[in-house]
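Okay, query-v2.pdb is below, PDB, N, CA and C atoms:
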MODEL        1
ATOM      1  N   MET M   1      -7.530  18.663  -4.347
ATOM      2  CA  MET M   1      -8.015  17.405  -4.881
ATOM      3  C   MET M   1      -7.293  16.249  -4.189
ATOM      4  N   ALA M   2      -8.042  15.233  -3.840
ATOM      5  CA  ALA M   2      -7.484  14.076  -3.138
ATOM      6  C   ALA M   2      -6.538  13.289  -4.040
ATOM      7  N   ILE M   3      -5.607  12.628  -3.396
ATOM      8  CA  ILE M   3      -4.685  11.719  -4.069
ATOM      9  C   ILE M   3      -4.937  10.332  -3.505
ATOM     10  N   TYR M   4      -5.018   9.353  -4.397
ATOM     11  CA  TYR M   4      -5.276   7.982  -3.993
ATOM     12  C   TYR M   4      -4.050   7.131  -4.261
ATOM     13  N   LEU M   5      -3.654   6.368  -3.263
ATOM     14  CA  LEU M   5      -2.555   5.431  -3.375
ATOM     15  C   LEU M   5      -3.157   4.054  -3.608
ATOM     16  N   ILE M   6      -2.758   3.417  -4.697
ATOM     17  CA  ILE M   6      -3.204   2.066  -4.994
ATOM     18  C   ILE M   6      -1.993   1.149  -4.841
ATOM     19  N   GLY M   7      -2.134   0.155  -4.012
ATOM     20  CA  GLY M   7      -1.086  -0.843  -3.847
ATOM     21  C   GLY M   7      -1.572  -2.172  -4.381
ATOM     22  N   GLN M   8      -0.832  -2.727  -5.329
ATOM     23  CA  GLN M   8      -1.128  -4.060  -5.855
ATOM     24  C   GLN M   8      -0.101  -5.000  -5.244
ATOM     25  N   ILE M   9      -0.571  -6.099  -4.686
ATOM     26  CA  ILE M   9       0.255  -6.899  -3.787
ATOM     27  C   ILE M   9       0.231  -8.379  -4.164
ATOM     28  N   ARG M  10       1.420  -8.957  -4.240
ATOM     29  CA  ARG M  10       1.582 -10.411  -4.399
ATOM     30  C   ARG M  10       2.360 -10.887  -3.176
ATOM     31  N   VAL M  11       1.685 -11.529  -2.252
ATOM     32  CA  VAL M  11       2.308 -11.986  -1.012
ATOM     33  C   VAL M  11       3.230 -13.166  -1.307
ATOM     34  N   THR M  12       4.455 -13.080  -0.788
ATOM     35  CA  THR M  12       5.435 -14.147  -0.968
ATOM     36  C   THR M  12       5.786 -14.839   0.350
ATOM     37  N   ASP M  13       5.592 -14.143   1.463
ATOM     38  CA  ASP M  13       5.840 -14.695   2.795
ATOM     39  C   ASP M  13       4.727 -14.190   3.710
ATOM     40  N   PRO M  14       3.682 -15.020   3.909
ATOM     41  CA  PRO M  14       2.525 -14.561   4.682
ATOM     42  C   PRO M  14       2.858 -14.077   6.095
ATOM     43  N   ALA M  15       3.805 -14.695   6.770
ATOM     44  CA  ALA M  15       4.131 -14.277   8.138
ATOM     45  C   ALA M  15       4.771 -12.887   8.143
ATOM     46  N   ALA M  16       5.718 -12.645   7.237
ATOM     47  CA  ALA M  16       6.350 -11.322   7.147
ATOM     48  C   ALA M  16       5.328 -10.282   6.723
ATOM     49  N   TRP M  17       4.469 -10.629   5.784
ATOM     50  CA  TRP M  17       3.453  -9.685   5.319
ATOM     51  C   TRP M  17       2.519  -9.302   6.461
ATOM     52  N   GLN M  18       2.120 -10.259   7.266
ATOM     53  CA  GLN M  18       1.227  -9.973   8.384
ATOM     54  C   GLN M  18       1.883  -9.021   9.375
ATOM     55  N   ARG M  19       3.169  -9.191   9.636
ATOM     56  CA  ARG M  19       3.877  -8.273  10.549
ATOM     57  C   ARG M  19       3.886  -6.855   9.972
ATOM     58  N   TYR M  20       4.056  -6.732   8.666
ATOM     59  CA  TYR M  20       4.027  -5.424   8.002
ATOM     60  C   TYR M  20       2.637  -4.797   8.142
ATOM     61  N   VAL M  21       1.617  -5.558   7.815
ATOM     62  CA  VAL M  21       0.234  -5.051   7.861
ATOM     63  C   VAL M  21      -0.131  -4.585   9.267
ATOM     64  N   GLU M  22       0.331  -5.300  10.282
ATOM     65  CA  GLU M  22       0.029  -4.930  11.666
ATOM     66  C   GLU M  22       0.639  -3.583  12.051
ATOM     67  N   ARG M  23       1.704  -3.172  11.378
ATOM     68  CA  ARG M  23       2.412  -1.939  11.745
ATOM     69  C   ARG M  23       2.130  -0.760  10.830
ATOM     70  N   VAL M  24       1.837  -1.013   9.573
ATOM     71  CA  VAL M  24       1.789   0.077   8.586
ATOM     72  C   VAL M  24       0.625   1.038   8.827
ATOM     73  N   GLY M  25      -0.484   0.569   9.346
ATOM     74  CA  GLY M  25      -1.651   1.426   9.538
ATOM     75  C   GLY M  25      -1.373   2.662  10.373
ATOM     76  N   ALA M  26      -0.516   2.523  11.367
ATOM     77  CA  ALA M  26      -0.198   3.649  12.246
ATOM     78  C   ALA M  26       0.612   4.740  11.549
ATOM     79  N   THR M  27       1.185   4.445  10.383
ATOM     80  CA  THR M  27       2.000   5.447   9.688
ATOM     81  C   THR M  27       1.171   6.416   8.848
ATOM     82  N   PHE M  28      -0.087   6.125   8.599
ATOM     83  CA  PHE M  28      -0.922   6.970   7.737
ATOM     84  C   PHE M  28      -1.444   8.250   8.396
ATOM     85  N   PRO M  29      -2.082   8.186   9.574
ATOM     86  CA  PRO M  29      -2.714   9.379  10.142
ATOM     87  C   PRO M  29      -1.818  10.606  10.304
ATOM     88  N   PRO M  30      -0.542  10.478  10.692
ATOM     89  CA  PRO M  30       0.266  11.690  10.836
ATOM     90  C   PRO M  30       0.436  12.484   9.537
ATOM     91  N   HIS M  31       0.130  11.857   8.408
ATOM     92  CA  HIS M  31       0.287  12.523   7.104
ATOM     93  C   HIS M  31      -1.061  12.755   6.420
ATOM     94  N   GLY M  32      -2.133  12.620   7.191
ATOM     95  CA  GLY M  32      -3.469  12.850   6.648
ATOM     96  C   GLY M  32      -3.988  11.699   5.810
ATOM     97  N   GLY M  33      -3.323  10.555   5.871
ATOM     98  CA  GLY M  33      -3.725   9.400   5.068
ATOM     99  C   GLY M  33      -4.732   8.522   5.767
ATOM    100  N   THR M  34      -5.591   7.910   4.968
ATOM    101  CA  THR M  34      -6.605   6.996   5.461
ATOM    102  C   THR M  34      -6.673   5.799   4.534
ATOM    103  N   VAL M  35      -6.632   4.604   5.084
ATOM    104  CA  VAL M  35      -6.841   3.403   4.271
ATOM    105  C   VAL M  35      -8.339   3.290   4.044
ATOM    106  N   LEU M  36      -8.745   3.324   2.770
ATOM    107  CA  LEU M  36     -10.169   3.245   2.437
ATOM    108  C   LEU M  36     -10.648   1.807   2.391
ATOM    109  N   TRP M  37      -9.858   0.929   1.794
ATOM    110  CA  TRP M  37     -10.211  -0.494   1.787
ATOM    111  C   TRP M  37      -9.048  -1.350   1.333
ATOM    112  N   ARG M  38      -9.134  -2.586   1.725
ATOM    113  CA  ARG M  38      -8.225  -3.646   1.290
ATOM    114  C   ARG M  38      -9.096  -4.745   0.721
ATOM    115  N   GLY M  39      -8.588  -5.429  -0.301
ATOM    116  CA  GLY M  39      -9.396  -6.490  -0.878
ATOM    117  C   GLY M  39      -8.576  -7.585  -1.513
ATOM    118  N   LEU M  40      -9.235  -8.710  -1.726
ATOM    119  CA  LEU M  40      -8.651  -9.853  -2.408
ATOM    120  C   LEU M  40      -9.270  -9.987  -3.794
ATOM    121  N   LYS M  41      -8.446 -10.304  -4.763
ATOM    122  CA  LYS M  41      -8.923 -10.481  -6.138
ATOM    123  C   LYS M  41      -9.846 -11.689  -6.191
ATOM    124  N   VAL M  42     -10.973 -11.517  -6.869
ATOM    125  CA  VAL M  42     -11.907 -12.625  -7.034
ATOM    126  C   VAL M  42     -12.033 -13.072  -8.482
ATOM    127  N   ALA M  43     -11.685 -12.202  -9.434
ATOM    128  CA  ALA M  43     -11.761 -12.572 -10.847
ATOM    129  C   ALA M  43     -10.946 -11.583 -11.668
ATOM    130  N   GLU M  44     -10.400 -12.063 -12.771
ATOM    131  CA  GLU M  44      -9.722 -11.196 -13.728
ATOM    132  C   GLU M  44     -10.600 -11.131 -14.972
ATOM    133  N   LEU M  45     -11.002  -9.934 -15.334
ATOM    134  CA  LEU M  45     -11.926  -9.762 -16.446
ATOM    135  C   LEU M  45     -11.218  -9.385 -17.741
ATOM    136  N   CYS M  46     -10.105  -8.689 -17.649
ATOM    137  CA  CYS M  46      -9.369  -8.264 -18.836
ATOM    138  C   CYS M  46      -7.888  -8.177 -18.478
ATOM    139  N   ARG M  47      -7.105  -9.114 -18.900
ATOM    140  CA  ARG M  47      -5.673  -9.217 -18.602
ATOM    141  C   ARG M  47      -5.429  -9.577 -17.147
ATOM    142  N   ALA M  48      -4.171  -9.750 -16.816
ATOM    143  CA  ALA M  48      -3.798 -10.207 -15.477
ATOM    144  C   ALA M  48      -3.362  -9.036 -14.598
ATOM    145  N   ALA M  49      -3.878  -9.006 -13.394
ATOM    146  CA  ALA M  49      -3.490  -8.002 -12.408
ATOM    147  C   ALA M  49      -2.223  -8.458 -11.703
ATOM    148  N   HIS M  50      -1.500  -7.510 -11.137
ATOM    149  CA  HIS M  50      -0.331  -7.849 -10.328
ATOM    150  C   HIS M  50      -0.823  -8.285  -8.955
ATOM    151  N   GLY M  51      -0.607  -9.514  -8.631
ATOM    152  CA  GLY M  51      -0.924  -9.993  -7.299
ATOM    153  C   GLY M  51      -2.375 -10.310  -7.066
ATOM    154  N   GLU M  52      -2.632 -10.727  -5.825
ATOM    155  CA  GLU M  52      -3.976 -11.152  -5.451
ATOM    156  C   GLU M  52      -4.648 -10.211  -4.460
ATOM    157  N   ARG M  53      -3.929  -9.159  -4.055
ATOM    158  CA  ARG M  53      -4.478  -8.215  -3.069
ATOM    159  C   ARG M  53      -4.326  -6.790  -3.576
ATOM    160  N   VAL M  54      -5.171  -5.919  -3.026
ATOM    161  CA  VAL M  54      -5.087  -4.499  -3.350
ATOM    162  C   VAL M  54      -5.409  -3.700  -2.090
ATOM    163  N   VAL M  55      -4.792  -2.526  -2.002
ATOM    164  CA  VAL M  55      -5.106  -1.593  -0.929
ATOM    165  C   VAL M  55      -5.286  -0.221  -1.559
ATOM    166  N   VAL M  56      -6.244   0.537  -1.048
ATOM    167  CA  VAL M  56      -6.481   1.898  -1.520
ATOM    168  C   VAL M  56      -6.450   2.821  -0.312
ATOM    169  N   ALA M  57      -5.610   3.847  -0.398
ATOM    170  CA  ALA M  57      -5.515   4.838   0.668
ATOM    171  C   ALA M  57      -5.707   6.225   0.070
ATOM    172  N   GLN M  58      -6.223   7.131   0.847
ATOM    173  CA  GLN M  58      -6.469   8.500   0.400
ATOM    174  C   GLN M  58      -5.602   9.458   1.204
ATOM    175  N   PHE M  59      -5.020  10.441   0.492
ATOM    176  CA  PHE M  59      -4.228  11.498   1.108
ATOM    177  C   PHE M  59      -4.767  12.844   0.618
ATOM    178  N   PRO M  60      -4.585  13.906   1.386
ATOM    179  CA  PRO M  60      -5.100  15.211   0.969
ATOM    180  C   PRO M  60      -4.337  15.827  -0.199
ATOM    181  N   SER M  61      -3.099  15.372  -0.444
ATOM    182  CA  SER M  61      -2.299  15.940  -1.533
ATOM    183  C   SER M  61      -1.169  14.982  -1.876
ATOM    184  N   LEU M  62      -0.564  15.212  -3.034
ATOM    185  CA  LEU M  62       0.595  14.415  -3.411
ATOM    186  C   LEU M  62       1.749  14.669  -2.448
ATOM    187  N   ALA M  63       1.886  15.910  -1.984
ATOM    188  CA  ALA M  63       2.936  16.228  -1.017
ATOM    189  C   ALA M  63       2.750  15.422   0.267
ATOM    190  N   ALA M  64       1.517  15.271   0.724
ATOM    191  CA  ALA M  64       1.248  14.492   1.930
ATOM    192  C   ALA M  64       1.561  13.017   1.709
ATOM    193  N   LEU M  65       1.196  12.492   0.539
ATOM    194  CA  LEU M  65       1.502  11.100   0.221
ATOM    195  C   LEU M  65       3.014  10.882   0.195
ATOM    196  N   ARG M  66       3.736  11.793  -0.449
ATOM    197  CA  ARG M  66       5.197  11.669  -0.508
ATOM    198  C   ARG M  66       5.818  11.790   0.887
ATOM    199  N   ALA M  67       5.269  12.671   1.716
ATOM    200  CA  ALA M  67       5.775  12.812   3.085
ATOM    201  C   ALA M  67       5.580  11.512   3.853
ATOM    202  N   TRP M  68       4.421  10.867   3.672
ATOM    203  CA  TRP M  68       4.187   9.559   4.296
ATOM    204  C   TRP M  68       5.196   8.538   3.774
ATOM    205  N   HIS M  69       5.295   8.433   2.453
ATOM    206  CA  HIS M  69       6.167   7.423   1.853
ATOM    207  C   HIS M  69       7.624   7.602   2.271
ATOM    208  N   ASP M  70       8.074   8.839   2.382
ATOM    209  CA  ASP M  70       9.471   9.128   2.707
ATOM    210  C   ASP M  70       9.736   9.236   4.210
ATOM    211  N   SER M  71       8.687   9.134   5.018
ATOM    212  CA  SER M  71       8.848   9.306   6.466
ATOM    213  C   SER M  71       9.711   8.191   7.059
ATOM    214  N   PRO M  72      10.435   8.508   8.113
ATOM    215  CA  PRO M  72      11.243   7.485   8.782
ATOM    216  C   PRO M  72      10.391   6.316   9.276
ATOM    217  N   GLU M  73       9.162   6.604   9.705
ATOM    218  CA  GLU M  73       8.278   5.556  10.213
ATOM    219  C   GLU M  73       7.927   4.543   9.125
ATOM    220  N   TYR M  74       7.593   5.052   7.929
ATOM    221  CA  TYR M  74       7.262   4.127   6.844
ATOM    222  C   TYR M  74       8.512   3.466   6.284
ATOM    223  N   GLN M  75       9.566   4.233   6.096
ATOM    224  CA  GLN M  75      10.796   3.660   5.547
ATOM    225  C   GLN M  75      11.343   2.543   6.436
ATOM    226  N   ALA M  76      11.090   2.612   7.730
ATOM    227  CA  ALA M  76      11.521   1.555   8.637
ATOM    228  C   ALA M  76      10.798   0.238   8.363
ATOM    229  N   LEU M  77       9.652   0.308   7.681
ATOM    230  CA  LEU M  77       8.874  -0.895   7.378
ATOM    231  C   LEU M  77       9.132  -1.447   5.980
ATOM    232  N   VAL M  78       9.846  -0.725   5.150
ATOM    233  CA  VAL M  78      10.040  -1.137   3.757
ATOM    234  C   VAL M  78      10.725  -2.492   3.650
ATOM    235  N   ALA M  79      11.747  -2.753   4.442
ATOM    236  CA  ALA M  79      12.429  -4.050   4.381
ATOM    237  C   ALA M  79      11.468  -5.182   4.728
ATOM    238  N   LEU M  80      10.600  -4.962   5.707
ATOM    239  CA  LEU M  80       9.604  -5.965   6.074
ATOM    240  C   LEU M  80       8.592  -6.150   4.953
ATOM    241  N   ARG M  81       8.168  -5.047   4.333
ATOM    242  CA  ARG M  81       7.253  -5.128   3.180
ATOM    243  C   ARG M  81       7.874  -5.956   2.070
ATOM    244  N   GLU M  82       9.134  -5.664   1.757
ATOM    245  CA  GLU M  82       9.821  -6.374   0.677
ATOM    246  C   GLU M  82      10.032  -7.849   1.010
ATOM    247  N   ALA M  83      10.217  -8.162   2.283
ATOM    248  CA  ALA M  83      10.386  -9.556   2.696
ATOM    249  C   ALA M  83       9.081 -10.336   2.567
ATOM    250  N   GLY M  84       7.965  -9.623   2.686
ATOM    251  CA  GLY M  84       6.674 -10.298   2.701
ATOM    252  C   GLY M  84       5.915 -10.327   1.397
ATOM    253  N   ALA M  85       6.252  -9.404   0.468
ATOM    254  CA  ALA M  85       5.429  -9.321  -0.747
ATOM    255  C   ALA M  85       6.130  -8.534  -1.846
ATOM    256  N   GLU M  86       5.654  -8.748  -3.052
ATOM    257  CA  GLU M  86       6.010  -7.895  -4.181
ATOM    258  C   GLU M  86       4.892  -6.863  -4.270
ATOM    259  N   VAL M  87       5.250  -5.590  -4.130
ATOM    260  CA  VAL M  87       4.241  -4.535  -4.044
ATOM    261  C   VAL M  87       4.509  -3.476  -5.105
ATOM    262  N   VAL M  88       3.449  -3.077  -5.812
ATOM    263  CA  VAL M  88       3.500  -1.963  -6.746
ATOM    264  C   VAL M  88       2.649  -0.852  -6.145
ATOM    265  N   LEU M  89       3.240   0.317  -5.901
ATOM    266  CA  LEU M  89       2.511   1.468  -5.354
ATOM    267  C   LEU M  89       2.415   2.546  -6.430
ATOM    268  N   THR M  90       1.195   3.031  -6.661
ATOM    269  CA  THR M  90       0.956   4.054  -7.670
ATOM    270  C   THR M  90       0.017   5.107  -7.093
ATOM    271  N   ALA M  91       0.294   6.376  -7.386
ATOM    272  CA  ALA M  91      -0.557   7.473  -6.922
ATOM    273  C   ALA M  91      -1.446   7.961  -8.068
ATOM    274  N   TYR M  92      -2.700   8.245  -7.738
ATOM    275  CA  TYR M  92      -3.677   8.741  -8.708
ATOM    276  C   TYR M  92      -4.374   9.957  -8.147
ATOM    277  N   GLU M  93      -4.602  10.938  -8.992
ATOM    278  CA  GLU M  93      -5.366  12.110  -8.612
ATOM    279  C   GLU M  93      -6.828  11.808  -8.871
ATOM    280  N   GLY M  94      -7.696  12.238  -7.945
ATOM    281  CA  GLY M  94      -9.095  11.926  -8.173
ATOM    282  C   GLY M  94     -10.042  12.895  -7.547
TER     283      GLY M  94
ENDMDL
END
Would you put the structure from the file into structure tokens?
Amino acid sequence: MAIYLIGQIRVTDPAAWQRYVERVGATFPPHGGTVLWRGLKVAELCRAAHGERVVVAQFPSLAALRAWHDSPEYQALVALREAGAEVVLTAYEG
């Protein structure tokens, strides 16, 4: 069963965030991950969401998602991610 990574994002430094976004995509394929879509919030219908952006990525398993998250390639980008945005990452089975 696929695992979906949902990232809720509040950008705090657009330049740092852009540098992160330009690099992070290359970290997914070695772990079987695919970014399905990125989007901007257009309306809140029930309560407030964290941030104004969202990203959804798919992995073949939770182990693959964890391998991506813990990989040296992704961990090297975490400081840049933190400099550019407040990010909440959550995994869902689907």
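For the atom pair formed by atom N of Val24 of chain M and atom C of Met1 of chain M, the distance is 23.9 Å, given to one decimal.
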Selection result for the PyMOL selection byres (((chain M and resi 56-73 and name CA) around 10) and name CA) on this file, as an MDAnalysis selection string: chainID M and resid 1:8 23:24 26:39 54:55 74:78 89:94
Answer key for the PyMOL selection byres ((chain M and resi 16) around 6.5), residues as an NGL selection string: :M and (13-15 or 17-21 or 80-81 or 83-85)
Point-to-point distance from atom CA of Ile9 of chain M to atom CA of Ala48 of chain M, Å rounded to tenths: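 Going from atom CA of Ile9 of chain M over to atom CA of Ala48 of chain M, I get 12.8 Å.
When atom CA of Arg53 of chain M is paired with atom CA of Leu40 of chain M, their separation reads 4.5 Å.
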Edge lengths and centre in Å to one decimal, as lines of an AutoDock Vina configuration file, is what I'm after for the box along x, y and z that holds all listed atoms of segment 59-74 of chain M once 4 Å is added on each side.
center_x = 3.1
center_y = 9.8
center_z = 3.4
size_x = 24.3
size_y = 20.8
size_z = 21.6
DSSP-assigned strand (DSSP E or B) members of chain M, reported as number ranges by chain: M: 3-11, 34-40, 53-59, 85-93
Residue set, segment 5-58 of chain M restricted to alpha helix (DSSP H), as a VMD selection string: chain M and resid 14 to 24
Would you mind exporting the chosen residues as a compact mmCIF listing (two decimals), in the coordinates of the input, restricted to N, CA and C atoms?
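Below you can see result_23.txt, which holds the result:
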# COMPACT_ATOMS: atom_id res chain seq x y z
N PRO M 14 3.68 -15.02 3.91
CA PRO M 14 2.52 -14.56 4.68
C PRO M 14 2.86 -14.08 6.10
N ALA M 15 3.80 -14.70 6.77
CA ALA M 15 4.13 -14.28 8.14
C ALA M 15 4.77 -12.89 8.14
N ALA M 16 5.72 -12.64 7.24
CA ALA M 16 6.35 -11.32 7.15
C ALA M 16 5.33 -10.28 6.72
N TRP M 17 4.47 -10.63 5.78
CA TRP M 17 3.45 -9.68 5.32
C TRP M 17 2.52 -9.30 6.46
N GLN M 18 2.12 -10.26 7.27
CA GLN M 18 1.23 -9.97 8.38
C GLN M 18 1.88 -9.02 9.38
N ARG M 19 3.17 -9.19 9.64
CA ARG M 19 3.88 -8.27 10.55
C ARG M 19 3.89 -6.86 9.97
N TYR M 20 4.06 -6.73 8.67
CA TYR M 20 4.03 -5.42 8.00
C TYR M 20 2.64 -4.80 8.14
N VAL M 21 1.62 -5.56 7.82
CA VAL M 21 0.23 -5.05 7.86
C VAL M 21 -0.13 -4.58 9.27
N GLU M 22 0.33 -5.30 10.28
CA GLU M 22 0.03 -4.93 11.67
C GLU M 22 0.64 -3.58 12.05
N ARG M 23 1.70 -3.17 11.38
CA ARG M 23 2.41 -1.94 11.74
C ARG M 23 2.13 -0.76 10.83
N VAL M 24 1.84 -1.01 9.57
CA VAL M 24 1.79 0.08 8.59
C VAL M 24 0.62 1.04 8.83
Protein, DNA and RNA residues within 10 Å of (4.3, -15.3, -7.5), only C-alpha atoms, as a list in words: Arg10, Val11, Thr12, His50, Gly51, Glu52, Ala85 and Glu86 of chain M
